[in-house]
Amino acid sequence: MTARASAKRYARALLDVALAEADASAVERQLARVSGLFTGHADLWAVMTNPAVPAPKKRAVVEAMLPRLEVAPVVAKLLQLLAGRDRLALLPDIVEAYGNRLLDHRRVVRAVVTSAVPLEAERTKALERELAGITGRTVIVSAETDPAIVGGVVARIGSTVYDGSVRRQLEKIRERLAAAGQ
């Protein structure tokens, strides 16, 4: 099993427990903070992810840190479990997978909207409403600009792309003209 698949399994289990026993949003914030603490200190991260360091020693380090980390019991248990199984290297992937699962649980999707020029706030809100109507979920839009699309917008939600750009419309016209000319 790949590391990413393992991280998704841990994240799924953590979300199930967090929904039953804790505030799932607080768990997400705490998990991200702890992951940042570990990865932000290169020496600590190197030791905690080094396979030559025995798992019981890693667990002892985590247990010594827990009183100062101020995390929910569910996060503390996860950290102890990961340290005991020598899987702390999965922590950043677990944070990402947990965040994605939490959004999915809340029926929220992220959309990246690309336009030729920066969008005004009210246009961004209108796009959020339109995309919410299409997906049936709440949509969080992050806007990007790319002058190469000439005009219009390209919305990407997961692997689905809604391309309403002038560049794409011109490509379609060119394809039709080329097909008609043959």
# chains A, B, ... in the order shown; residues from 1 in each chain; ligands from 1
>>> select_by_dssp(residues="chain A", states="strand (DSSP E or B)", output="PyMOL selection string")
chain A and resi 108-115+138-145+153-157+160-163
>>> residues_around(residues="A:Arg4", least_positions_apart="5", cutoff="10 Å", atoms="only C-alpha atoms", output="list in words")
Arg9, Tyr10, Leu90, Pro92, Asp93, Ile94, Glu96 and Ala97 of chain A
>>> write_last_selection(atoms="C-alpha atoms", output="PDB file, in the first residue's frame")
ATOM      1  CA  ARG A   9      -7.056   5.334   5.674  1.00  0.00           C
ATOM      2  CA  TYR A  10      -5.750   7.072   8.795  1.00  0.00           C
ATOM      3  CA  LEU A  90       2.615  10.166   6.903  1.00  0.00           C
ATOM      4  CA  PRO A  92       1.556  15.816   6.211  1.00  0.00           C
ATOM      5  CA  ASP A  93      -0.389  13.486   3.912  1.00  0.00           C
ATOM      6  CA  ILE A  94      -2.852  12.688   6.705  1.00  0.00           C
ATOM      7  CA  GLU A  96      -4.247  16.879   3.559  1.00  0.00           C
ATOM      8  CA  ALA A  97      -6.449  13.772   3.341  1.00  0.00           C
TER       9      ALA A  97
END
>>> closest_atom_pairs(of="stretch 73-146 of chain A", to="stretch 159-176 of chain A", cutoff="10 Å", atoms="only C-alpha atoms", output="tab-separated table")
residue	atom	partner	partner_atom	distance
A:Ala111	CA	A:Val161	CA	9.6
A:Val112	CA	A:Val161	CA	9.5
A:Val113	CA	A:Tyr162	CA	9.3
A:Thr114	CA	A:Ser165	CA	9.0
A:Ser115	CA	A:Ser165	CA	7.9
A:Ala116	CA	A:Ser165	CA	8.7
A:Leu131	CA	A:Tyr162	CA	9.7
>>> select_by_dssp(residues="chain A", states="alpha helix (DSSP H)", output="short mmCIF file (atom, residue, chain, number, x, y, z; two decimals) with C-alpha atoms, in the first residue's frame")
data_model
loop_
_atom_site.label_atom_id
_atom_site.label_comp_id
_atom_site.auth_asym_id
_atom_site.auth_seq_id
_atom_site.Cartn_x
_atom_site.Cartn_y
_atom_site.Cartn_z
CA ALA A 3 1.96 6.11 1.66
CA ARG A 4 -0.85 8.25 0.26
CA ALA A 5 -3.31 5.34 0.50
CA SER A 6 -2.24 4.70 4.09
CA ALA A 7 -2.65 8.40 4.91
CA LYS A 8 -6.18 8.31 3.48
CA ARG A 9 -7.06 5.33 5.67
CA TYR A 10 -5.75 7.07 8.80
CA ALA A 11 -7.62 10.25 7.81
CA ARG A 12 -10.88 8.35 7.28
CA ALA A 13 -10.59 6.67 10.68
CA LEU A 14 -9.63 9.94 12.36
CA LEU A 15 -12.62 11.75 10.87
CA ASP A 16 -14.98 8.99 11.99
CA VAL A 17 -13.69 9.24 15.54
CA ALA A 18 -13.52 13.06 15.49
CA LEU A 19 -17.15 13.33 14.37
CA ALA A 20 -18.20 11.09 17.25
CA GLU A 21 -15.95 12.38 20.01
CA ALA A 24 -13.80 17.90 13.66
CA SER A 25 -12.68 21.42 12.68
CA ALA A 26 -10.59 21.78 15.84
CA VAL A 27 -9.02 18.39 15.11
CA GLU A 28 -8.09 19.62 11.63
CA ARG A 29 -6.45 22.76 13.01
CA GLN A 30 -4.60 20.85 15.74
CA LEU A 31 -3.39 18.21 13.31
CA ALA A 32 -2.12 20.87 10.89
CA ARG A 33 -0.38 22.71 13.74
CA VAL A 34 1.35 19.55 14.98
CA SER A 35 2.37 18.56 11.46
CA GLY A 36 3.82 22.04 10.96
CA LEU A 37 5.68 21.73 14.24
CA PHE A 38 7.28 18.45 13.20
CA THR A 39 8.07 19.39 9.60
CA GLY A 40 9.12 22.92 10.55
CA ALA A 42 14.34 19.85 10.34
CA ASP A 43 16.29 18.04 13.06
CA LEU A 44 13.15 16.82 14.82
CA TRP A 45 11.59 15.71 11.52
CA ALA A 46 14.80 13.92 10.49
CA VAL A 47 14.85 11.96 13.75
CA MET A 48 11.13 11.16 13.75
CA ALA A 55 9.69 3.23 17.14
CA PRO A 56 9.51 3.02 20.98
CA LYS A 57 11.94 5.96 21.22
CA LYS A 58 9.82 7.98 18.76
CA ARG A 59 6.72 7.18 20.79
CA ALA A 60 8.51 8.31 23.96
CA VAL A 61 9.38 11.64 22.30
CA VAL A 62 5.78 12.12 21.18
CA GLU A 63 4.45 11.28 24.65
CA ALA A 64 6.89 13.74 26.20
CA MET A 65 5.66 16.45 23.79
CA LEU A 66 1.92 15.81 24.21
CA PRO A 67 1.33 17.83 27.40
CA ARG A 68 2.73 20.94 25.68
CA LEU A 69 0.94 20.39 22.36
CA PRO A 73 -7.38 13.18 22.91
CA VAL A 74 -8.18 11.85 19.44
CA VAL A 75 -5.18 13.72 17.97
CA ALA A 76 -2.96 12.59 20.83
CA LYS A 77 -3.97 8.96 20.23
CA LEU A 78 -3.26 9.29 16.52
CA LEU A 79 0.20 10.74 17.19
CA GLN A 80 0.99 7.94 19.62
CA LEU A 81 -0.24 5.35 17.14
CA LEU A 82 1.80 6.81 14.28
CA ALA A 83 4.92 7.03 16.43
CA GLY A 84 4.45 3.49 17.74
CA LEU A 91 1.56 13.16 9.00
CA PRO A 92 1.56 15.82 6.21
CA ASP A 93 -0.39 13.49 3.91
CA ILE A 94 -2.85 12.69 6.71
CA VAL A 95 -3.45 16.42 7.25
CA GLU A 96 -4.25 16.88 3.56
CA ALA A 97 -6.45 13.77 3.34
CA TYR A 98 -8.30 14.69 6.55
CA GLY A 99 -9.01 18.20 5.26
CA ASN A 100 -10.36 16.78 1.99
CA ARG A 101 -12.54 14.25 3.83
CA LEU A 102 -13.87 16.94 6.16
CA LEU A 103 -14.83 19.12 3.19
CA ASP A 104 -16.50 16.14 1.54
CA HIS A 105 -18.40 15.40 4.76
CA ALA A 121 -15.69 40.06 -5.60
CA GLU A 122 -19.33 40.07 -6.73
CA ARG A 123 -18.43 38.14 -9.92
CA THR A 124 -16.57 35.57 -7.82
CA LYS A 125 -19.62 35.18 -5.56
CA ALA A 126 -21.85 34.79 -8.63
CA LEU A 127 -19.54 32.05 -9.95
CA GLU A 128 -19.68 30.30 -6.56
CA ARG A 129 -23.49 30.31 -6.74
CA GLU A 130 -23.52 29.05 -10.35
CA LEU A 131 -21.03 26.27 -9.60
CA ALA A 132 -22.98 25.34 -6.45
CA GLY A 133 -26.07 24.93 -8.62
CA ILE A 134 -24.16 22.66 -11.01
CA THR A 135 -22.49 20.53 -8.33
CA VAL A 166 -12.36 32.67 -25.51
CA ARG A 167 -9.22 30.68 -26.31
CA ARG A 168 -11.17 27.39 -26.18
CA GLN A 169 -13.99 28.83 -28.31
CA LEU A 170 -11.43 29.89 -30.92
CA GLU A 171 -9.89 26.41 -30.87
CA LYS A 172 -13.33 24.88 -31.48
CA ILE A 173 -13.95 27.19 -34.43
CA ARG A 174 -10.54 26.31 -35.90
CA GLU A 175 -11.27 22.57 -35.49
CA ARG A 176 -14.65 22.93 -37.25
CA LEU A 177 -13.10 24.92 -40.10
CA ALA A 178 -10.30 22.37 -40.48
CA ALA A 179 -12.83 19.49 -40.49
CA ALA A 180 -15.03 21.29 -43.07
#
>>> closest_residue(among="A:Val154, A:His41, A:Arg110, A:Asp86", to="A:Val141", atoms="only C-alpha atoms")
A:Arg110
>>> decode(residues="stretch 30-145 of chain A", atoms="C-alpha atoms", output="short mmCIF file (atom, residue, chain, number, x, y, z; two decimals), in the first residue's frame")
data_model
loop_
_atom_site.label_atom_id
_atom_site.label_comp_id
_atom_site.auth_asym_id
_atom_site.auth_seq_id
_atom_site.Cartn_x
_atom_site.Cartn_y
_atom_site.Cartn_z
CA GLN A 30 -4.60 20.85 15.74
CA LEU A 31 -3.39 18.21 13.31
CA ALA A 32 -2.12 20.87 10.89
CA ARG A 33 -0.38 22.71 13.74
CA VAL A 34 1.35 19.55 14.98
CA SER A 35 2.37 18.56 11.46
CA GLY A 36 3.82 22.04 10.96
CA LEU A 37 5.68 21.73 14.24
CA PHE A 38 7.28 18.45 13.20
CA THR A 39 8.07 19.39 9.60
CA GLY A 40 9.12 22.92 10.55
CA HIS A 41 11.99 21.67 12.69
CA ALA A 42 14.34 19.85 10.34
CA ASP A 43 16.29 18.04 13.06
CA LEU A 44 13.15 16.82 14.82
CA TRP A 45 11.59 15.71 11.52
CA ALA A 46 14.80 13.92 10.49
CA VAL A 47 14.85 11.96 13.75
CA MET A 48 11.13 11.16 13.75
CA THR A 49 11.20 9.88 10.17
CA ASN A 50 14.54 8.06 10.39
CA PRO A 51 13.98 4.29 10.16
CA ALA A 52 17.17 3.70 12.19
CA VAL A 53 15.55 5.28 15.27
CA PRO A 54 13.43 2.63 17.03
CA ALA A 55 9.69 3.23 17.14
CA PRO A 56 9.51 3.02 20.98
CA LYS A 57 11.94 5.96 21.22
CA LYS A 58 9.82 7.98 18.76
CA ARG A 59 6.72 7.18 20.79
CA ALA A 60 8.51 8.31 23.96
CA VAL A 61 9.38 11.64 22.30
CA VAL A 62 5.78 12.12 21.18
CA GLU A 63 4.45 11.28 24.65
CA ALA A 64 6.89 13.74 26.20
CA MET A 65 5.66 16.45 23.79
CA LEU A 66 1.92 15.81 24.21
CA PRO A 67 1.33 17.83 27.40
CA ARG A 68 2.73 20.94 25.68
CA LEU A 69 0.94 20.39 22.36
CA GLU A 70 -2.54 20.97 23.83
CA VAL A 71 -4.41 18.69 21.42
CA ALA A 72 -7.66 16.76 21.65
CA PRO A 73 -7.38 13.18 22.91
CA VAL A 74 -8.18 11.85 19.44
CA VAL A 75 -5.18 13.72 17.97
CA ALA A 76 -2.96 12.59 20.83
CA LYS A 77 -3.97 8.96 20.23
CA LEU A 78 -3.26 9.29 16.52
CA LEU A 79 0.20 10.74 17.19
CA GLN A 80 0.99 7.94 19.62
CA LEU A 81 -0.24 5.35 17.14
CA LEU A 82 1.80 6.81 14.28
CA ALA A 83 4.92 7.03 16.43
CA GLY A 84 4.45 3.49 17.74
CA ARG A 85 4.08 2.14 14.20
CA ASP A 86 6.93 4.29 12.85
CA ARG A 87 4.51 6.10 10.51
CA LEU A 88 5.00 9.74 11.51
CA ALA A 89 6.25 10.47 7.99
CA LEU A 90 2.61 10.17 6.90
CA LEU A 91 1.56 13.16 9.00
CA PRO A 92 1.56 15.82 6.21
CA ASP A 93 -0.39 13.49 3.91
CA ILE A 94 -2.85 12.69 6.71
CA VAL A 95 -3.45 16.42 7.25
CA GLU A 96 -4.25 16.88 3.56
CA ALA A 97 -6.45 13.77 3.34
CA TYR A 98 -8.30 14.69 6.55
CA GLY A 99 -9.01 18.20 5.26
CA ASN A 100 -10.36 16.78 1.99
CA ARG A 101 -12.54 14.25 3.83
CA LEU A 102 -13.87 16.94 6.16
CA LEU A 103 -14.83 19.12 3.19
CA ASP A 104 -16.50 16.14 1.54
CA HIS A 105 -18.40 15.40 4.76
CA ARG A 106 -19.62 19.00 4.81
CA ARG A 107 -20.54 18.77 1.09
CA VAL A 108 -18.04 21.45 0.15
CA VAL A 109 -15.83 21.43 -2.95
CA ARG A 110 -12.96 23.63 -3.97
CA ALA A 111 -12.95 25.23 -7.39
CA VAL A 112 -10.09 26.98 -9.13
CA VAL A 113 -11.40 29.66 -11.47
CA THR A 114 -9.00 31.10 -14.02
CA SER A 115 -9.77 34.33 -15.85
CA ALA A 116 -7.80 36.65 -18.12
CA VAL A 117 -8.10 39.53 -15.65
CA PRO A 118 -8.71 39.57 -11.89
CA LEU A 119 -12.38 39.00 -11.03
CA GLU A 120 -14.37 41.41 -8.91
CA ALA A 121 -15.69 40.06 -5.60
CA GLU A 122 -19.33 40.07 -6.73
CA ARG A 123 -18.43 38.14 -9.92
CA THR A 124 -16.57 35.57 -7.82
CA LYS A 125 -19.62 35.18 -5.56
CA ALA A 126 -21.85 34.79 -8.63
CA LEU A 127 -19.54 32.05 -9.95
CA GLU A 128 -19.68 30.30 -6.56
CA ARG A 129 -23.49 30.31 -6.74
CA GLU A 130 -23.52 29.05 -10.35
CA LEU A 131 -21.03 26.27 -9.60
CA ALA A 132 -22.98 25.34 -6.45
CA GLY A 133 -26.07 24.93 -8.62
CA ILE A 134 -24.16 22.66 -11.01
CA THR A 135 -22.49 20.53 -8.33
CA GLY A 136 -25.18 20.53 -5.67
CA ARG A 137 -22.53 21.40 -3.09
CA THR A 138 -21.16 24.50 -1.46
CA VAL A 139 -18.27 25.81 -3.55
CA ILE A 140 -15.17 27.63 -2.33
CA VAL A 141 -13.55 29.49 -5.22
CA SER A 142 -9.91 30.39 -5.48
CA ALA A 143 -9.25 32.76 -8.35
CA GLU A 144 -6.25 32.80 -10.66
CA THR A 145 -5.39 34.91 -13.67
#
